[in-house]
Amino acid sequence: MKIKVLVGSLLGFLDRILDGLQPLVALGVRCWVSWQFLKSGWLKLSDWEQTLYLFQDEYQTPLLSPQAAAVAGTFGELFFPVLLILGLFGRAAALGLFAVNLMAVLSYAHVLLQPGFEAAVGQHYLWGFMLIVLAVYGPGRLSLDHWFGARWFPRHA
């Protein structure tokens with residue numbers, strides 16, 4: 001009986017510690033994955049001629065012209081990460097970045113799926129997984145969504 005109580009106490013202690021870390025982990029994930037896309041979007045914006053060249057000659061974006069894909073991709077890589085870092089419309093921002101990530105993989109699949117690019121594909125899978133987790137679980141308590149929700153929609157916070 002003592003072992004049962006001891007194990008229960010230890011598991012309860014572990015639960016309290018890990019539950020207390022949830023907001024920080026969610027914030028860390030939001031910032032880390034957002035930073036990956038912000039860097040890419042800023043690089044595209046800083047050399048627009050090179051970006052247009054890549055979208056015309058290297059990337060194979062389905063459904064959009066190269067120019068429209070360059071604008072949409074750059075916008076998505078700059079807009080959604082800012083929302084995600086703030087935790088403002090966090091789930092929608094995570095889904096938006098997931099779509100940007102998916103489009104990047106589809107557009108560049110002819111290169112990424114060649115031998116030697118496993119690490120690049122793995123990064124996109126990791127980012128996609130992180131974004132799906134944020135979309136499903138939300139941006140956490142250290143977010144504007146939580147702050148606004150608690151004040152404006154107390155039944156949904």
# chains A, B, ... in the order shown; residues from 1 in each chain; ligands from 1
>>> closest_atom_pairs(of="segment 78-157 of chain A", to="segment 65-70 of chain A", cutoff="12 Å", atoms="only C-alpha atoms", output="tab-separated table")
residue	atom	partner	partner_atom	distance
A:Val100	CA	A:Ala69	CA	10.3
A:Met103	CA	A:Ala69	CA	9.5
A:Ala104	CA	A:Ala69	CA	10.1
A:Ser107	CA	A:Ala69	CA	9.8
>>> residues_around(residues="segment 58-61 of chain A", least_positions_apart="2", cutoff="6 Å", atoms="only C-alpha atoms", output="number ranges by chain")
A: 54-55, 107-108
>>> residues_around(residues="Leu27 of chain A", least_positions_apart="3", cutoff="10 Å", atoms="only C-alpha atoms", output="count of residues only")
16
>>> select_by_dssp(residues="segment 79-142 of chain A", states="helix (DSSP H, G or I)", output="VMD selection string")
chain A and resid 79 to 86 90 to 107 109 to 112 118 to 137
>>> write_last_selection(atoms="C-alpha atoms", output="PDB file, in the first residue's frame")
ATOM      1  CA  PHE A  79       2.501  37.293 -41.613  1.00  0.00           C
ATOM      2  CA  PHE A  80       1.613  33.979 -39.946  1.00  0.00           C
ATOM      3  CA  PRO A  81       4.766  33.774 -37.779  1.00  0.00           C
ATOM      4  CA  VAL A  82       4.070  37.183 -36.252  1.00  0.00           C
ATOM      5  CA  LEU A  83       0.556  36.088 -35.311  1.00  0.00           C
ATOM      6  CA  LEU A  84       1.883  32.799 -33.972  1.00  0.00           C
ATOM      7  CA  ILE A  85       4.578  34.413 -31.821  1.00  0.00           C
ATOM      8  CA  LEU A  86       1.962  36.715 -30.306  1.00  0.00           C
ATOM      9  CA  GLY A  90      -2.821  31.130 -32.833  1.00  0.00           C
ATOM     10  CA  ARG A  91      -4.584  28.079 -34.212  1.00  0.00           C
ATOM     11  CA  ALA A  92      -5.388  29.779 -37.508  1.00  0.00           C
ATOM     12  CA  ALA A  93      -1.809  31.076 -37.731  1.00  0.00           C
ATOM     13  CA  ALA A  94      -0.457  27.569 -37.123  1.00  0.00           C
ATOM     14  CA  LEU A  95      -2.701  26.192 -39.876  1.00  0.00           C
ATOM     15  CA  GLY A  96      -1.638  29.014 -42.204  1.00  0.00           C
ATOM     16  CA  LEU A  97       2.036  28.238 -41.620  1.00  0.00           C
ATOM     17  CA  PHE A  98       1.307  24.548 -42.052  1.00  0.00           C
ATOM     18  CA  ALA A  99      -0.146  25.348 -45.488  1.00  0.00           C
ATOM     19  CA  VAL A 100       2.936  27.440 -46.358  1.00  0.00           C
ATOM     20  CA  ASN A 101       5.171  24.562 -45.239  1.00  0.00           C
ATOM     21  CA  LEU A 102       3.171  22.035 -47.250  1.00  0.00           C
ATOM     22  CA  MET A 103       3.288  24.230 -50.353  1.00  0.00           C
ATOM     23  CA  ALA A 104       7.058  24.576 -49.966  1.00  0.00           C
ATOM     24  CA  VAL A 105       7.476  20.810 -49.806  1.00  0.00           C
ATOM     25  CA  LEU A 106       5.197  20.248 -52.797  1.00  0.00           C
ATOM     26  CA  SER A 107       6.841  23.018 -54.817  1.00  0.00           C
ATOM     27  CA  ALA A 109       9.642  18.091 -53.931  1.00  0.00           C
ATOM     28  CA  HIS A 110      11.615  17.356 -57.105  1.00  0.00           C
ATOM     29  CA  VAL A 111      14.729  18.503 -55.221  1.00  0.00           C
ATOM     30  CA  LEU A 112      13.878  17.606 -51.618  1.00  0.00           C
ATOM     31  CA  GLU A 118      16.790  13.919 -46.166  1.00  0.00           C
ATOM     32  CA  ALA A 119      17.685  16.533 -43.537  1.00  0.00           C
ATOM     33  CA  ALA A 120      15.795  19.266 -45.394  1.00  0.00           C
ATOM     34  CA  VAL A 121      12.718  17.071 -45.726  1.00  0.00           C
ATOM     35  CA  GLY A 122      13.053  16.106 -42.055  1.00  0.00           C
ATOM     36  CA  GLN A 123      13.027  19.766 -41.048  1.00  0.00           C
ATOM     37  CA  HIS A 124       9.807  20.346 -42.964  1.00  0.00           C
ATOM     38  CA  TYR A 125       8.249  17.271 -41.327  1.00  0.00           C
ATOM     39  CA  LEU A 126       9.315  18.536 -37.897  1.00  0.00           C
ATOM     40  CA  TRP A 127       7.919  22.005 -38.566  1.00  0.00           C
ATOM     41  CA  GLY A 128       4.693  20.502 -39.877  1.00  0.00           C
ATOM     42  CA  PHE A 129       4.344  18.336 -36.781  1.00  0.00           C
ATOM     43  CA  MET A 130       4.989  21.283 -34.470  1.00  0.00           C
ATOM     44  CA  LEU A 131       2.419  23.384 -36.307  1.00  0.00           C
ATOM     45  CA  ILE A 132      -0.226  20.646 -36.172  1.00  0.00           C
ATOM     46  CA  VAL A 133       0.364  20.280 -32.417  1.00  0.00           C
ATOM     47  CA  LEU A 134      -0.091  24.052 -31.988  1.00  0.00           C
ATOM     48  CA  ALA A 135      -3.231  24.011 -34.136  1.00  0.00           C
ATOM     49  CA  VAL A 136      -4.763  21.132 -32.148  1.00  0.00           C
ATOM     50  CA  TYR A 137      -3.714  22.190 -28.627  1.00  0.00           C
TER      51      TYR A 137
END
>>> atom_distance(atom1="atom CA of Glu77 of chain A", atom2="atom CA of Phe37 of chain A")
5.0 Å
>>> atom_distance(atom1="atom CA of Asp57 of chain A", atom2="atom CA of Thr74 of chain A")
16.7 Å
>>> decode(residues="segment 85-120 of chain A", atoms="N, CA and C atoms", output="PDB file, in the first residue's frame")
ATOM      1  N   ILE A  85       3.736  33.989 -32.950  1.00  0.00           N
ATOM      2  CA  ILE A  85       4.578  34.413 -31.821  1.00  0.00           C
ATOM      3  C   ILE A  85       3.727  35.124 -30.771  1.00  0.00           C
ATOM      4  N   LEU A  86       2.845  35.997 -31.225  1.00  0.00           N
ATOM      5  CA  LEU A  86       1.962  36.715 -30.306  1.00  0.00           C
ATOM      6  C   LEU A  86       0.891  35.809 -29.709  1.00  0.00           C
ATOM      7  N   GLY A  87       0.626  34.699 -30.368  1.00  0.00           N
ATOM      8  CA  GLY A  87      -0.473  33.851 -29.936  1.00  0.00           C
ATOM      9  C   GLY A  87      -1.807  34.489 -30.246  1.00  0.00           C
ATOM     10  N   LEU A  88      -1.856  35.260 -31.312  1.00  0.00           N
ATOM     11  CA  LEU A  88      -3.079  35.939 -31.743  1.00  0.00           C
ATOM     12  C   LEU A  88      -3.646  35.159 -32.927  1.00  0.00           C
ATOM     13  N   PHE A  89      -4.866  34.667 -32.779  1.00  0.00           N
ATOM     14  CA  PHE A  89      -5.430  33.738 -33.754  1.00  0.00           C
ATOM     15  C   PHE A  89      -4.438  32.590 -33.955  1.00  0.00           C
ATOM     16  N   GLY A  90      -3.918  32.090 -32.831  1.00  0.00           N
ATOM     17  CA  GLY A  90      -2.821  31.130 -32.833  1.00  0.00           C
ATOM     18  C   GLY A  90      -3.101  29.867 -33.620  1.00  0.00           C
ATOM     19  N   ARG A  91      -4.274  29.312 -33.485  1.00  0.00           N
ATOM     20  CA  ARG A  91      -4.584  28.079 -34.212  1.00  0.00           C
ATOM     21  C   ARG A  91      -4.679  28.334 -35.707  1.00  0.00           C
ATOM     22  N   ALA A  92      -5.298  29.430 -36.082  1.00  0.00           N
ATOM     23  CA  ALA A  92      -5.388  29.779 -37.508  1.00  0.00           C
ATOM     24  C   ALA A  92      -3.999  30.085 -38.068  1.00  0.00           C
ATOM     25  N   ALA A  93      -3.169  30.769 -37.288  1.00  0.00           N
ATOM     26  CA  ALA A  93      -1.809  31.076 -37.731  1.00  0.00           C
ATOM     27  C   ALA A  93      -1.003  29.796 -37.917  1.00  0.00           C
ATOM     28  N   ALA A  94      -1.164  28.846 -37.006  1.00  0.00           N
ATOM     29  CA  ALA A  94      -0.457  27.569 -37.123  1.00  0.00           C
ATOM     30  C   ALA A  94      -0.911  26.830 -38.378  1.00  0.00           C
ATOM     31  N   LEU A  95      -2.199  26.844 -38.651  1.00  0.00           N
ATOM     32  CA  LEU A  95      -2.701  26.192 -39.876  1.00  0.00           C
ATOM     33  C   LEU A  95      -2.214  26.924 -41.116  1.00  0.00           C
ATOM     34  N   GLY A  96      -2.158  28.255 -41.074  1.00  0.00           N
ATOM     35  CA  GLY A  96      -1.638  29.014 -42.204  1.00  0.00           C
ATOM     36  C   GLY A  96      -0.187  28.683 -42.484  1.00  0.00           C
ATOM     37  N   LEU A  97       0.626  28.608 -41.432  1.00  0.00           N
ATOM     38  CA  LEU A  97       2.036  28.238 -41.620  1.00  0.00           C
ATOM     39  C   LEU A  97       2.179  26.794 -42.063  1.00  0.00           C
ATOM     40  N   PHE A  98       1.288  25.934 -41.593  1.00  0.00           N
ATOM     41  CA  PHE A  98       1.307  24.548 -42.052  1.00  0.00           C
ATOM     42  C   PHE A  98       1.072  24.496 -43.558  1.00  0.00           C
ATOM     43  N   ALA A  99       0.128  25.300 -44.043  1.00  0.00           N
ATOM     44  CA  ALA A  99      -0.146  25.348 -45.488  1.00  0.00           C
ATOM     45  C   ALA A  99       1.067  25.885 -46.254  1.00  0.00           C
ATOM     46  N   VAL A 100       1.731  26.905 -45.724  1.00  0.00           N
ATOM     47  CA  VAL A 100       2.936  27.440 -46.358  1.00  0.00           C
ATOM     48  C   VAL A 100       4.010  26.358 -46.410  1.00  0.00           C
ATOM     49  N   ASN A 101       4.185  25.642 -45.313  1.00  0.00           N
ATOM     50  CA  ASN A 101       5.171  24.562 -45.239  1.00  0.00           C
ATOM     51  C   ASN A 101       4.848  23.459 -46.247  1.00  0.00           C
ATOM     52  N   LEU A 102       3.590  23.077 -46.311  1.00  0.00           N
ATOM     53  CA  LEU A 102       3.171  22.035 -47.250  1.00  0.00           C
ATOM     54  C   LEU A 102       3.406  22.472 -48.692  1.00  0.00           C
ATOM     55  N   MET A 103       3.078  23.713 -48.995  1.00  0.00           N
ATOM     56  CA  MET A 103       3.288  24.230 -50.353  1.00  0.00           C
ATOM     57  C   MET A 103       4.776  24.247 -50.699  1.00  0.00           C
ATOM     58  N   ALA A 104       5.611  24.584 -49.722  1.00  0.00           N
ATOM     59  CA  ALA A 104       7.058  24.576 -49.966  1.00  0.00           C
ATOM     60  C   ALA A 104       7.539  23.167 -50.299  1.00  0.00           C
ATOM     61  N   VAL A 105       7.063  22.191 -49.555  1.00  0.00           N
ATOM     62  CA  VAL A 105       7.476  20.810 -49.806  1.00  0.00           C
ATOM     63  C   VAL A 105       6.974  20.349 -51.175  1.00  0.00           C
ATOM     64  N   LEU A 106       5.735  20.656 -51.497  1.00  0.00           N
ATOM     65  CA  LEU A 106       5.197  20.248 -52.797  1.00  0.00           C
ATOM     66  C   LEU A 106       5.897  20.960 -53.950  1.00  0.00           C
ATOM     67  N   SER A 107       6.215  22.229 -53.756  1.00  0.00           N
ATOM     68  CA  SER A 107       6.841  23.018 -54.817  1.00  0.00           C
ATOM     69  C   SER A 107       8.289  22.624 -55.060  1.00  0.00           C
ATOM     70  N   TYR A 108       8.916  22.138 -54.034  1.00  0.00           N
ATOM     71  CA  TYR A 108      10.342  21.835 -54.123  1.00  0.00           C
ATOM     72  C   TYR A 108      10.603  20.337 -54.000  1.00  0.00           C
ATOM     73  N   ALA A 109       9.532  19.537 -54.122  1.00  0.00           N
ATOM     74  CA  ALA A 109       9.642  18.091 -53.931  1.00  0.00           C
ATOM     75  C   ALA A 109      10.626  17.453 -54.897  1.00  0.00           C
ATOM     76  N   HIS A 110      10.700  17.954 -56.119  1.00  0.00           N
ATOM     77  CA  HIS A 110      11.615  17.356 -57.105  1.00  0.00           C
ATOM     78  C   HIS A 110      13.066  17.443 -56.652  1.00  0.00           C
ATOM     79  N   VAL A 111      13.373  18.394 -55.771  1.00  0.00           N
ATOM     80  CA  VAL A 111      14.729  18.503 -55.221  1.00  0.00           C
ATOM     81  C   VAL A 111      14.804  17.822 -53.854  1.00  0.00           C
ATOM     82  N   LEU A 112      13.827  18.103 -52.990  1.00  0.00           N
ATOM     83  CA  LEU A 112      13.878  17.606 -51.618  1.00  0.00           C
ATOM     84  C   LEU A 112      13.838  16.083 -51.535  1.00  0.00           C
ATOM     85  N   LEU A 113      13.213  15.440 -52.486  1.00  0.00           N
ATOM     86  CA  LEU A 113      13.079  13.988 -52.425  1.00  0.00           C
ATOM     87  C   LEU A 113      14.251  13.257 -53.065  1.00  0.00           C
ATOM     88  N   GLN A 114      15.234  13.984 -53.560  1.00  0.00           N
ATOM     89  CA  GLN A 114      16.436  13.353 -54.097  1.00  0.00           C
ATOM     90  C   GLN A 114      17.343  12.930 -52.948  1.00  0.00           C
ATOM     91  N   PRO A 115      18.180  11.907 -53.184  1.00  0.00           N
ATOM     92  CA  PRO A 115      19.131  11.501 -52.142  1.00  0.00           C
ATOM     93  C   PRO A 115      20.015  12.680 -51.723  1.00  0.00           C
ATOM     94  N   GLY A 116      20.277  12.779 -50.435  1.00  0.00           N
ATOM     95  CA  GLY A 116      21.111  13.848 -49.916  1.00  0.00           C
ATOM     96  C   GLY A 116      20.315  14.999 -49.307  1.00  0.00           C
ATOM     97  N   PHE A 117      19.009  15.010 -49.499  1.00  0.00           N
ATOM     98  CA  PHE A 117      18.178  16.097 -48.976  1.00  0.00           C
ATOM     99  C   PHE A 117      17.263  15.622 -47.842  1.00  0.00           C
ATOM    100  N   GLU A 118      17.622  14.471 -47.236  1.00  0.00           N
ATOM    101  CA  GLU A 118      16.790  13.919 -46.166  1.00  0.00           C
ATOM    102  C   GLU A 118      16.659  14.886 -44.992  1.00  0.00           C
ATOM    103  N   ALA A 119      17.735  15.595 -44.672  1.00  0.00           N
ATOM    104  CA  ALA A 119      17.685  16.533 -43.537  1.00  0.00           C
ATOM    105  C   ALA A 119      16.717  17.675 -43.811  1.00  0.00           C
ATOM    106  N   ALA A 120      16.710  18.176 -45.042  1.00  0.00           N
ATOM    107  CA  ALA A 120      15.795  19.266 -45.394  1.00  0.00           C
ATOM    108  C   ALA A 120      14.341  18.803 -45.310  1.00  0.00           C
TER     109      ALA A 120
END
